[in-house]
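Student: My structure is below; once you've seen it, I'll send some questions.
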Amino acid sequence: MDVKTMQERQAKFHIGQIVRHRVYPFRGVIFDVDPTFSNTEEWWNAIPAEVRPRKDQPFYHLFAENAETSYIAYVSEQNLVPDDSAQPVRHPQVQEVFEGPKDGTYRPRGPIGH
């Protein structure tokens with residue numbers, strides 16, 4: 001493996017940032033980041049091949065919400081964009097983990113880790 005292959009990309013988004021999906025109507029707060037895909041093959045294969053993202057990019061764990069419900073989402077960097085709506089995220093776990101939002105970003109209440 002050459003050095004370029006071994007280097008991890010810098011994540012475009014950060015923990016506490018509010019983002020929305022590029023295609024699907026949901027948004028959320030990032031609470032964890034994987035440098036590359038780190039979910040199951042079963043999950044990966046459930047995504048239709050024509051929209052399946054690359055594995056060699058950051059993937060984000062979100063406290064997500066849509067018009068009907070809240071849930072945990074796992075989304076590739078290529079499918080996220082910043083959410084500039086200035087609206088808080090309604091997911092019930094957001095207030096357990098974060099303070100805010102202030103200036104469109106949540107601040108962790110305590111140390112972040114696995």
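Labeling convention for the structure tokens: chains A, B, ... as they appear, residues from 1 per chain, ligands from 1 in order of appearance.
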Set the distance at 7 Å and use only C-alpha atoms: which residues neighbour region 79-84 of chain A once local chain neighbours fewer than 5 positions away are removed? I'd like the list as a list in words.
Tutor: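 What passes the distance filter is Ile18, Val19, Arg20, His21 and Arg22 of chain A.
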Student: Select from region 44-108 of chain A everything DSSP, run on the backbone, classes as helix (DSSP H, G or I), then give the selection as a list in words.
Tutor: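 Of region 44-108 of chain A, the ones in helix (DSSP H, G or I) are Trp44, Asn45, Ala49, Glu50, Val51, Glu77, Gln78, Asn79, Val94, Gln95, Glu96 and Val97 of chain A.
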Student: Work out how far CA of Gln95 (chain A) is from CA of Gly28 (chain A), in Å to one decimal.
Tutor: 12.7 Å
Student: What is the CA of Phe63 (chain A)-CA of Arg90 (chain A) distance in Å, reported with one decimal?
Tutor: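 Between these atoms lies a distance of 9.0 Å.
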Student: Considering only C-alpha atoms, can you say which of A:Leu62, A:Val51, A:Ala67, A:Ala46 comes closest to Ile15 (chain A)?
Tutor: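 Answer, going by the shortest atom-to-atom distance: A:Leu62.
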Student: Find the residues around Glu77 (chain A) up to 12 Å (only C-alpha atoms counted), leave out those fewer than 5 positions away in its own chain, and share them as a VMD selection string.
Tutor: chain A and resid 9 to 14 19 to 22 30 33 to 37 53 to 62 82
Student: Quick one: distance from CA of Thr69 (chain A) to CA of Gln93 (chain A) in Å, one decimal?
Tutor: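 A separation of 12.9 Å between them.
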Student: Hey, which of A:Glu65, A:Pro88, A:Trp43, A:Ile72 ends up closest to Thr105 (chain A)? Count only C-alpha atoms.
Tutor: A:Pro88
Student: Of the residues A:Ser70, A:Gln17, A:Thr40, A:Ser76, which is the one nearest to Gly100 (chain A), using only C-alpha atoms?
Tutor: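 Closest to Gly100 (chain A) of all the choices is A:Gln17.
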